[in-house]
>>> print(open('work13.cif').read())   # mmCIF, N, CA and C atoms, pLDDT in the B column; chains and numbers go by the auth columns
data_coords
#
loop_
_atom_site.group_PDB
_atom_site.id
_atom_site.type_symbol
_atom_site.label_atom_id
_atom_site.label_comp_id
_atom_site.label_asym_id
_atom_site.label_seq_id
_atom_site.Cartn_x
_atom_site.Cartn_y
_atom_site.Cartn_z
_atom_site.B_iso_or_equiv
_atom_site.auth_seq_id
_atom_site.auth_asym_id
ATOM 1 N N MET A 1 -25.815 -29.121 -1.273 85.00 1308 A
ATOM 2 C CA MET A 1 -24.442 -28.663 -1.459 85.00 1308 A
ATOM 3 C C MET A 1 -24.211 -27.405 -0.614 85.00 1308 A
ATOM 4 N N PRO A 2 -23.036 -27.299 0.023 93.00 1309 A
ATOM 5 C CA PRO A 2 -22.781 -26.137 0.883 93.00 1309 A
ATOM 6 C C PRO A 2 -22.575 -24.866 0.069 93.00 1309 A
ATOM 7 N N LYS A 3 -22.723 -23.751 0.765 94.00 1310 A
ATOM 8 C CA LYS A 3 -22.491 -22.457 0.120 94.00 1310 A
ATOM 9 C C LYS A 3 -21.003 -22.298 -0.171 94.00 1310 A
ATOM 10 N N LEU A 4 -20.681 -21.564 -1.230 95.00 1311 A
ATOM 11 C CA LEU A 4 -19.293 -21.328 -1.606 95.00 1311 A
ATOM 12 C C LEU A 4 -18.854 -19.956 -1.118 95.00 1311 A
ATOM 13 N N LYS A 5 -17.603 -19.859 -0.736 96.00 1312 A
ATOM 14 C CA LYS A 5 -17.061 -18.562 -0.324 96.00 1312 A
ATOM 15 C C LYS A 5 -16.578 -17.811 -1.556 96.00 1312 A
ATOM 16 N N THR A 6 -16.888 -16.537 -1.586 97.00 1313 A
ATOM 17 C CA THR A 6 -16.426 -15.672 -2.664 97.00 1313 A
ATOM 18 C C THR A 6 -14.993 -15.250 -2.380 97.00 1313 A
ATOM 19 N N HIS A 7 -14.160 -15.244 -3.413 97.00 1314 A
ATOM 20 C CA HIS A 7 -12.771 -14.798 -3.283 97.00 1314 A
ATOM 21 C C HIS A 7 -12.762 -13.285 -3.100 97.00 1314 A
ATOM 22 N N SER A 8 -12.212 -12.817 -1.968 97.00 1315 A
ATOM 23 C CA SER A 8 -12.273 -11.397 -1.624 97.00 1315 A
ATOM 24 C C SER A 8 -11.583 -10.507 -2.649 97.00 1315 A
ATOM 25 N N GLY A 9 -10.438 -10.936 -3.172 97.00 1316 A
ATOM 26 C CA GLY A 9 -9.727 -10.140 -4.160 97.00 1316 A
ATOM 27 C C GLY A 9 -10.473 -10.083 -5.476 97.00 1316 A
ATOM 28 N N ALA A 10 -11.085 -11.198 -5.858 97.00 1317 A
ATOM 29 C CA ALA A 10 -11.798 -11.262 -7.136 97.00 1317 A
ATOM 30 C C ALA A 10 -13.063 -10.419 -7.124 97.00 1317 A
ATOM 31 N N LYS A 11 -13.760 -10.379 -5.997 96.00 1318 A
ATOM 32 C CA LYS A 11 -15.014 -9.611 -5.965 96.00 1318 A
ATOM 33 C C LYS A 11 -14.761 -8.113 -6.089 96.00 1318 A
ATOM 34 N N LYS A 12 -13.559 -7.664 -5.710 96.00 1319 A
ATOM 35 C CA LYS A 12 -13.212 -6.252 -5.844 96.00 1319 A
ATOM 36 C C LYS A 12 -12.747 -5.911 -7.257 96.00 1319 A
ATOM 37 N N ARG A 13 -12.273 -6.901 -8.000 97.00 1320 A
ATOM 38 C CA ARG A 13 -11.642 -6.634 -9.284 97.00 1320 A
ATOM 39 C C ARG A 13 -12.505 -6.939 -10.501 97.00 1320 A
ATOM 40 N N PHE A 14 -13.472 -7.840 -10.372 97.00 1321 A
ATOM 41 C CA PHE A 14 -14.230 -8.284 -11.541 97.00 1321 A
ATOM 42 C C PHE A 14 -15.726 -8.078 -11.365 97.00 1321 A
ATOM 43 N N ASN A 15 -16.398 -7.834 -12.506 97.00 1322 A
ATOM 44 C CA ASN A 15 -17.847 -7.758 -12.548 97.00 1322 A
ATOM 45 C C ASN A 15 -18.334 -8.580 -13.718 97.00 1322 A
ATOM 46 N N LEU A 16 -19.546 -9.100 -13.613 97.00 1323 A
ATOM 47 C CA LEU A 16 -20.134 -9.855 -14.703 97.00 1323 A
ATOM 48 C C LEU A 16 -21.149 -8.995 -15.436 97.00 1323 A
ATOM 49 N N THR A 17 -21.149 -9.086 -16.764 96.00 1324 A
ATOM 50 C CA THR A 17 -22.152 -8.393 -17.559 96.00 1324 A
ATOM 51 C C THR A 17 -23.378 -9.296 -17.665 96.00 1324 A
ATOM 52 N N LYS A 18 -24.459 -8.768 -18.201 96.00 1325 A
ATOM 53 C CA LYS A 18 -25.689 -9.555 -18.359 96.00 1325 A
ATOM 54 C C LYS A 18 -25.487 -10.728 -19.312 96.00 1325 A
ATOM 55 N N SER A 19 -24.603 -10.553 -20.282 96.00 1326 A
ATOM 56 C CA SER A 19 -24.357 -11.627 -21.249 96.00 1326 A
ATOM 57 C C SER A 19 -23.373 -12.671 -20.719 96.00 1326 A
ATOM 58 N N GLY A 20 -22.796 -12.427 -19.519 95.00 1327 A
ATOM 59 C CA GLY A 20 -21.905 -13.405 -18.914 95.00 1327 A
ATOM 60 C C GLY A 20 -20.428 -13.137 -19.115 95.00 1327 A
ATOM 61 N N LYS A 21 -20.095 -12.015 -19.752 97.00 1328 A
ATOM 62 C CA LYS A 21 -18.685 -11.672 -19.911 97.00 1328 A
ATOM 63 C C LYS A 21 -18.143 -11.146 -18.589 97.00 1328 A
ATOM 64 N N VAL A 22 -16.826 -11.272 -18.414 98.00 1329 A
ATOM 65 C CA VAL A 22 -16.183 -10.791 -17.190 98.00 1329 A
ATOM 66 C C VAL A 22 -15.506 -9.460 -17.489 98.00 1329 A
ATOM 67 N N LYS A 23 -15.946 -8.421 -16.778 98.00 1330 A
ATOM 68 C CA LYS A 23 -15.406 -7.082 -16.972 98.00 1330 A
ATOM 69 C C LYS A 23 -14.282 -6.856 -15.977 98.00 1330 A
ATOM 70 N N ARG A 24 -13.218 -6.188 -16.428 98.00 1331 A
ATOM 71 C CA ARG A 24 -12.079 -5.930 -15.570 98.00 1331 A
ATOM 72 C C ARG A 24 -11.493 -4.553 -15.863 98.00 1331 A
ATOM 73 N N ALA A 25 -10.649 -4.076 -14.974 97.00 1332 A
ATOM 74 C CA ALA A 25 -9.950 -2.816 -15.186 97.00 1332 A
ATOM 75 C C ALA A 25 -8.537 -3.113 -15.680 97.00 1332 A
ATOM 76 N N HIS A 26 -7.905 -2.109 -16.262 97.00 1333 A
ATOM 77 C CA HIS A 26 -6.526 -2.259 -16.714 97.00 1333 A
ATOM 78 C C HIS A 26 -5.565 -2.125 -15.530 97.00 1333 A
ATOM 79 N N ALA A 27 -4.435 -2.777 -15.643 96.00 1334 A
ATOM 80 C CA ALA A 27 -3.383 -2.684 -14.634 96.00 1334 A
ATOM 81 C C ALA A 27 -2.469 -1.500 -14.942 96.00 1334 A
ATOM 82 N N TYR A 28 -1.500 -1.256 -14.062 96.00 1335 A
ATOM 83 C CA TYR A 28 -0.477 -0.209 -14.224 96.00 1335 A
ATOM 84 C C TYR A 28 -1.054 1.211 -14.187 96.00 1335 A
ATOM 85 N N LYS A 29 -2.049 1.433 -13.355 95.00 1336 A
ATOM 86 C CA LYS A 29 -2.667 2.755 -13.280 95.00 1336 A
ATOM 87 C C LYS A 29 -2.582 3.341 -11.868 95.00 1336 A
ATOM 88 N N SER A 30 -1.870 2.696 -10.957 94.00 1337 A
ATOM 89 C CA SER A 30 -1.907 3.135 -9.565 94.00 1337 A
ATOM 90 C C SER A 30 -0.805 4.108 -9.175 94.00 1337 A
ATOM 91 N N HIS A 31 0.404 3.943 -9.669 95.00 1338 A
ATOM 92 C CA HIS A 31 1.487 4.851 -9.291 95.00 1338 A
ATOM 93 C C HIS A 31 2.543 4.893 -10.387 95.00 1338 A
ATOM 94 N N ILE A 32 3.550 5.754 -10.194 95.00 1339 A
ATOM 95 C CA ILE A 32 4.597 6.021 -11.199 95.00 1339 A
ATOM 96 C C ILE A 32 3.948 6.428 -12.529 95.00 1339 A
ATOM 97 N N LEU A 33 3.053 7.403 -12.440 95.00 1340 A
ATOM 98 C CA LEU A 33 2.324 7.839 -13.629 95.00 1340 A
ATOM 99 C C LEU A 33 3.040 8.959 -14.385 95.00 1340 A
ATOM 100 N N THR A 34 4.069 9.545 -13.768 96.00 1341 A
ATOM 101 C CA THR A 34 4.742 10.676 -14.409 96.00 1341 A
ATOM 102 C C THR A 34 5.486 10.267 -15.670 96.00 1341 A
ATOM 103 N N LYS A 35 6.055 9.082 -15.682 96.00 1342 A
ATOM 104 C CA LYS A 35 6.805 8.643 -16.858 96.00 1342 A
ATOM 105 C C LYS A 35 5.915 8.009 -17.930 96.00 1342 A
ATOM 106 N N LYS A 36 4.660 7.739 -17.603 97.00 1343 A
ATOM 107 C CA LYS A 36 3.729 7.184 -18.587 97.00 1343 A
ATOM 108 C C LYS A 36 3.078 8.336 -19.356 97.00 1343 A
ATOM 109 N N THR A 37 2.899 8.128 -20.631 97.00 1344 A
ATOM 110 C CA THR A 37 2.341 9.196 -21.458 97.00 1344 A
ATOM 111 C C THR A 37 0.868 9.410 -21.125 97.00 1344 A
ATOM 112 N N THR A 38 0.386 10.602 -21.442 97.00 1345 A
ATOM 113 C CA THR A 38 -1.018 10.938 -21.195 97.00 1345 A
ATOM 114 C C THR A 38 -1.940 10.008 -21.973 97.00 1345 A
ATOM 115 N N LYS A 39 -1.534 9.692 -23.192 97.00 1346 A
ATOM 116 C CA LYS A 39 -2.313 8.791 -24.039 97.00 1346 A
ATOM 117 C C LYS A 39 -2.436 7.414 -23.387 97.00 1346 A
ATOM 118 N N ARG A 40 -1.342 6.954 -22.822 97.00 1347 A
ATOM 119 C CA ARG A 40 -1.328 5.636 -22.184 97.00 1347 A
ATOM 120 C C ARG A 40 -2.209 5.594 -20.941 97.00 1347 A
ATOM 121 N N THR A 41 -2.091 6.609 -20.080 97.00 1348 A
ATOM 122 C CA THR A 41 -2.901 6.633 -18.857 97.00 1348 A
ATOM 123 C C THR A 41 -4.379 6.782 -19.172 97.00 1348 A
ATOM 124 N N ARG A 42 -4.697 7.531 -20.219 97.00 1349 A
ATOM 125 C CA ARG A 42 -6.092 7.697 -20.632 97.00 1349 A
ATOM 126 C C ARG A 42 -6.683 6.379 -21.107 97.00 1349 A
ATOM 127 N N ARG A 43 -5.907 5.608 -21.826 97.00 1350 A
ATOM 128 C CA ARG A 43 -6.378 4.301 -22.301 97.00 1350 A
ATOM 129 C C ARG A 43 -6.528 3.302 -21.161 97.00 1350 A
ATOM 130 N N LEU A 44 -5.718 3.448 -20.126 97.00 1351 A
ATOM 131 C CA LEU A 44 -5.801 2.545 -18.974 97.00 1351 A
ATOM 132 C C LEU A 44 -7.067 2.773 -18.157 97.00 1351 A
ATOM 133 N N ARG A 45 -7.695 3.939 -18.314 96.00 1352 A
ATOM 134 C CA ARG A 45 -8.934 4.236 -17.589 96.00 1352 A
ATOM 135 C C ARG A 45 -10.098 3.365 -18.038 96.00 1352 A
ATOM 136 N N SER A 46 -10.128 3.038 -19.317 97.00 1353 A
ATOM 137 C CA SER A 46 -11.261 2.300 -19.863 97.00 1353 A
ATOM 138 C C SER A 46 -11.279 0.861 -19.361 97.00 1353 A
ATOM 139 N N THR A 47 -12.467 0.285 -19.350 97.00 1354 A
ATOM 140 C CA THR A 47 -12.605 -1.101 -18.898 97.00 1354 A
ATOM 141 C C THR A 47 -12.291 -2.053 -20.046 97.00 1354 A
ATOM 142 N N ALA A 48 -12.040 -3.300 -19.681 97.00 1355 A
ATOM 143 C CA ALA A 48 -11.747 -4.328 -20.673 97.00 1355 A
ATOM 144 C C ALA A 48 -12.456 -5.603 -20.249 97.00 1355 A
ATOM 145 N N TYR A 49 -12.399 -6.610 -21.084 98.00 1356 A
ATOM 146 C CA TYR A 49 -12.998 -7.900 -20.766 98.00 1356 A
ATOM 147 C C TYR A 49 -11.893 -8.915 -20.520 98.00 1356 A
ATOM 148 N N ALA A 50 -12.129 -9.818 -19.588 97.00 1357 A
ATOM 149 C CA ALA A 50 -11.142 -10.842 -19.264 97.00 1357 A
ATOM 150 C C ALA A 50 -10.985 -11.803 -20.439 97.00 1357 A
ATOM 151 N N ASP A 51 -9.802 -12.349 -20.584 97.00 1358 A
ATOM 152 C CA ASP A 51 -9.511 -13.291 -21.653 97.00 1358 A
ATOM 153 C C ASP A 51 -10.313 -14.575 -21.446 97.00 1358 A
ATOM 154 N N SER A 52 -10.698 -15.203 -22.545 96.00 1359 A
ATOM 155 C CA SER A 52 -11.546 -16.397 -22.478 96.00 1359 A
ATOM 156 C C SER A 52 -10.884 -17.541 -21.718 96.00 1359 A
ATOM 157 N N THR A 53 -9.548 -17.564 -21.688 97.00 1360 A
ATOM 158 C CA THR A 53 -8.844 -18.636 -20.973 97.00 1360 A
ATOM 159 C C THR A 53 -8.984 -18.500 -19.457 97.00 1360 A
ATOM 160 N N ASN A 54 -9.292 -17.284 -18.971 97.00 1361 A
ATOM 161 C CA ASN A 54 -9.405 -17.050 -17.535 97.00 1361 A
ATOM 162 C C ASN A 54 -10.836 -16.962 -17.026 97.00 1361 A
ATOM 163 N N VAL A 55 -11.806 -16.900 -17.919 97.00 1362 A
ATOM 164 C CA VAL A 55 -13.195 -16.648 -17.536 97.00 1362 A
ATOM 165 C C VAL A 55 -13.734 -17.714 -16.592 97.00 1362 A
ATOM 166 N N ASP A 56 -13.507 -18.982 -16.876 97.00 1363 A
ATOM 167 C CA ASP A 56 -14.037 -20.051 -16.025 97.00 1363 A
ATOM 168 C C ASP A 56 -13.486 -19.973 -14.608 97.00 1363 A
ATOM 169 N N ALA A 57 -12.206 -19.707 -14.467 97.00 1364 A
ATOM 170 C CA ALA A 57 -11.585 -19.605 -13.142 97.00 1364 A
ATOM 171 C C ALA A 57 -12.137 -18.412 -12.376 97.00 1364 A
ATOM 172 N N ILE A 58 -12.340 -17.297 -13.057 98.00 1365 A
ATOM 173 C CA ILE A 58 -12.862 -16.091 -12.398 98.00 1365 A
ATOM 174 C C ILE A 58 -14.302 -16.311 -11.948 98.00 1365 A
ATOM 175 N N LYS A 59 -15.107 -16.957 -12.788 97.00 1366 A
ATOM 176 C CA LYS A 59 -16.502 -17.199 -12.429 97.00 1366 A
ATOM 177 C C LYS A 59 -16.632 -18.116 -11.227 97.00 1366 A
ATOM 178 N N LYS A 60 -15.696 -19.029 -11.037 96.00 1367 A
ATOM 179 C CA LYS A 60 -15.703 -19.890 -9.845 96.00 1367 A
ATOM 180 C C LYS A 60 -15.375 -19.100 -8.599 96.00 1367 A
ATOM 181 N N MET A 61 -14.554 -18.045 -8.752 97.00 1368 A
ATOM 182 C CA MET A 61 -14.181 -17.223 -7.611 97.00 1368 A
ATOM 183 C C MET A 61 -15.287 -16.259 -7.197 97.00 1368 A
ATOM 184 N N ILE A 62 -16.177 -15.899 -8.140 97.00 1369 A
ATOM 185 C CA ILE A 62 -17.287 -15.002 -7.801 97.00 1369 A
ATOM 186 C C ILE A 62 -18.610 -15.674 -8.167 97.00 1369 A
ATOM 187 N N PRO A 63 -18.998 -16.720 -7.414 96.00 1370 A
ATOM 188 C CA PRO A 63 -20.173 -17.514 -7.794 96.00 1370 A
ATOM 189 C C PRO A 63 -21.505 -16.784 -7.660 96.00 1370 A
ATOM 190 N N TYR A 64 -21.606 -15.770 -6.818 94.00 1371 A
ATOM 191 C CA TYR A 64 -22.904 -15.132 -6.573 94.00 1371 A
ATOM 192 C C TYR A 64 -23.034 -13.750 -7.192 94.00 1371 A
ATOM 193 N N LYS A 65 -22.109 -13.359 -8.031 91.00 1372 A
ATOM 194 C CA LYS A 65 -22.209 -12.047 -8.672 91.00 1372 A
ATOM 195 C C LYS A 65 -23.054 -12.131 -9.906 91.00 1372 A
#
>>> encode(input="work13.cif", output="structure tokens")
Amino acid sequence: MPKLKTHSGAKKRFNLTKSGKVKRAHAYKSHILTKKTTKRTRRLRSTAYADSTNVDAIKKMIPYK
């Protein structure tokens, strides 16, 4: 079977844990931060896990991670 190409956008955005979960960052943290509360921006810093409905698709995009 031929080698698979990794999705360039996905490899920058997702990581796999040892248990196989997909780790991701929160959105809405790049700009227009003045109107967002400090509490909100602080919570956006923390990592999260991808939803189970998207995990299979993400793992296909990053086959060698």
>>> residues_around(input="work13.cif", residues="stretch 1330-1332 of chain A", least_positions_apart="3", cutoff="5 Å", atoms="all atoms listed in the file", output="number ranges by chain")
A: 1321-1323, 1354-1357
>>> axis_aligned_box(input="work13.cif", around="stretch 1308-1312 of chain A", padding_each_side="4 Å", output="lines of an AutoDock Vina configuration file")
center_x = -21.2
center_y = -23.5
center_z = -0.4
size_x = 17.2
size_y = 19.3
size_z = 10.5
>>> atom_distance(input="work13.cif", atom1="atom CA of A:Lys1372", atom2="atom C of A:Pro1309")
15.5 Å
>>> resolve_selection(input="work13.cif", expression="the PyMOL selection byres ((chain A and resi 1351) around 7)", output="list in words")
Ala1332, His1333, Ala1334, Tyr1335, Lys1336, Lys1346, Arg1347, Thr1348, Arg1349, Arg1350, Arg1352, Ser1353 and Thr1354 of chain A
>>> atom_distance(input="work13.cif", atom1="atom N of A:Ser1315", atom2="atom N of A:Lys1367")
11.5 Å
>>> select_by_dssp(input="work13.cif", residues="chain A", states="helix (DSSP H, G or I)", output="list in words")
Ser1315, Gly1316, Ala1317, Lys1318, Lys1319, Arg1320, Thr1345, Lys1346, Arg1347, Thr1348, Arg1349, Arg1350, Leu1351, Arg1352, Ser1359, Thr1360, Asn1361, Val1362, Asp1363, Ala1364, Ile1365, Lys1366, Lys1367 and Met1368 of chain A
>>> select_by_dssp(input="work13.cif", residues="stretch 1314-1370 of chain A", states="strand (DSSP E or B)", output="ChimeraX atom specification")
/A:1322-1323,1329-1331,1355-1356
>>> atom_distance(input="work13.cif", atom1="atom C of A:Gly1327", atom2="atom CA of A:Leu1311")
19.4 Å
>>> closest_residue(input="work13.cif", among="A:Ile1339, A:Val1362, A:Ile1369, A:Val1329", to="A:Ala1317", atoms="only N, CA and C atoms")
A:Ile1369
>>> closest_residue(input="work13.cif", among="A:Ser1326, A:Thr1313, A:Leu1340, A:Thr1345", to="A:Met1368", atoms="all atoms listed in the file")
A:Thr1313
>>> decode(input="work13.cif", residues="stretch 1331-1343 of chain A", atoms="N, CA, C and O atoms", output="compact mmCIF listing (two decimals), in the first residue's frame")
# COMPACT_ATOMS: atom_id res chain seq x y z
N ARG A 1331 -6.60 19.26 20.99
CA ARG A 1331 -6.76 20.42 20.15
C ARG A 1331 -6.73 21.70 20.98
O ARG A 1331 -6.86 21.65 22.21
N ALA A 1332 -6.58 22.83 20.33
CA ALA A 1332 -6.63 24.12 21.00
C ALA A 1332 -8.01 24.73 20.79
O ALA A 1332 -8.75 24.33 19.90
N HIS A 1333 -8.35 25.70 21.63
CA HIS A 1333 -9.62 26.40 21.48
C HIS A 1333 -9.52 27.44 20.37
O HIS A 1333 -8.45 28.00 20.12
N ALA A 1334 -10.64 27.72 19.75
CA ALA A 1334 -10.73 28.75 18.72
C ALA A 1334 -11.01 30.10 19.36
O ALA A 1334 -11.20 30.19 20.58
N TYR A 1335 -11.05 31.15 18.54
CA TYR A 1335 -11.39 32.52 18.96
C TYR A 1335 -10.35 33.13 19.91
O TYR A 1335 -10.69 33.88 20.81
N LYS A 1336 -9.09 32.84 19.69
CA LYS A 1336 -8.04 33.36 20.57
C LYS A 1336 -7.02 34.20 19.80
O LYS A 1336 -6.01 34.62 20.35
N SER A 1337 -7.25 34.46 18.52
CA SER A 1337 -6.22 35.10 17.71
C SER A 1337 -6.31 36.62 17.64
O SER A 1337 -5.30 37.30 17.67
N HIS A 1338 -7.50 37.19 17.57
CA HIS A 1338 -7.62 38.64 17.48
C HIS A 1338 -8.97 39.09 18.04
O HIS A 1338 -9.79 38.28 18.43
N ILE A 1339 -9.16 40.42 18.08
CA ILE A 1339 -10.35 41.04 18.70
C ILE A 1339 -10.51 40.54 20.14
O ILE A 1339 -11.57 40.08 20.56
N LEU A 1340 -9.42 40.65 20.89
CA LEU A 1340 -9.43 40.15 22.27
C LEU A 1340 -9.87 41.21 23.28
O LEU A 1340 -10.14 40.88 24.43
N THR A 1341 -9.95 42.47 22.83
CA THR A 1341 -10.29 43.54 23.77
C THR A 1341 -11.72 43.43 24.29
O THR A 1341 -11.98 43.72 25.44
N LYS A 1342 -12.63 42.98 23.45
CA LYS A 1342 -14.03 42.87 23.89
C LYS A 1342 -14.32 41.56 24.61
O LYS A 1342 -15.39 41.42 25.20
N LYS A 1343 -13.39 40.61 24.57
CA LYS A 1343 -13.58 39.35 25.29
C LYS A 1343 -13.08 39.51 26.72
O LYS A 1343 -12.05 40.13 26.96
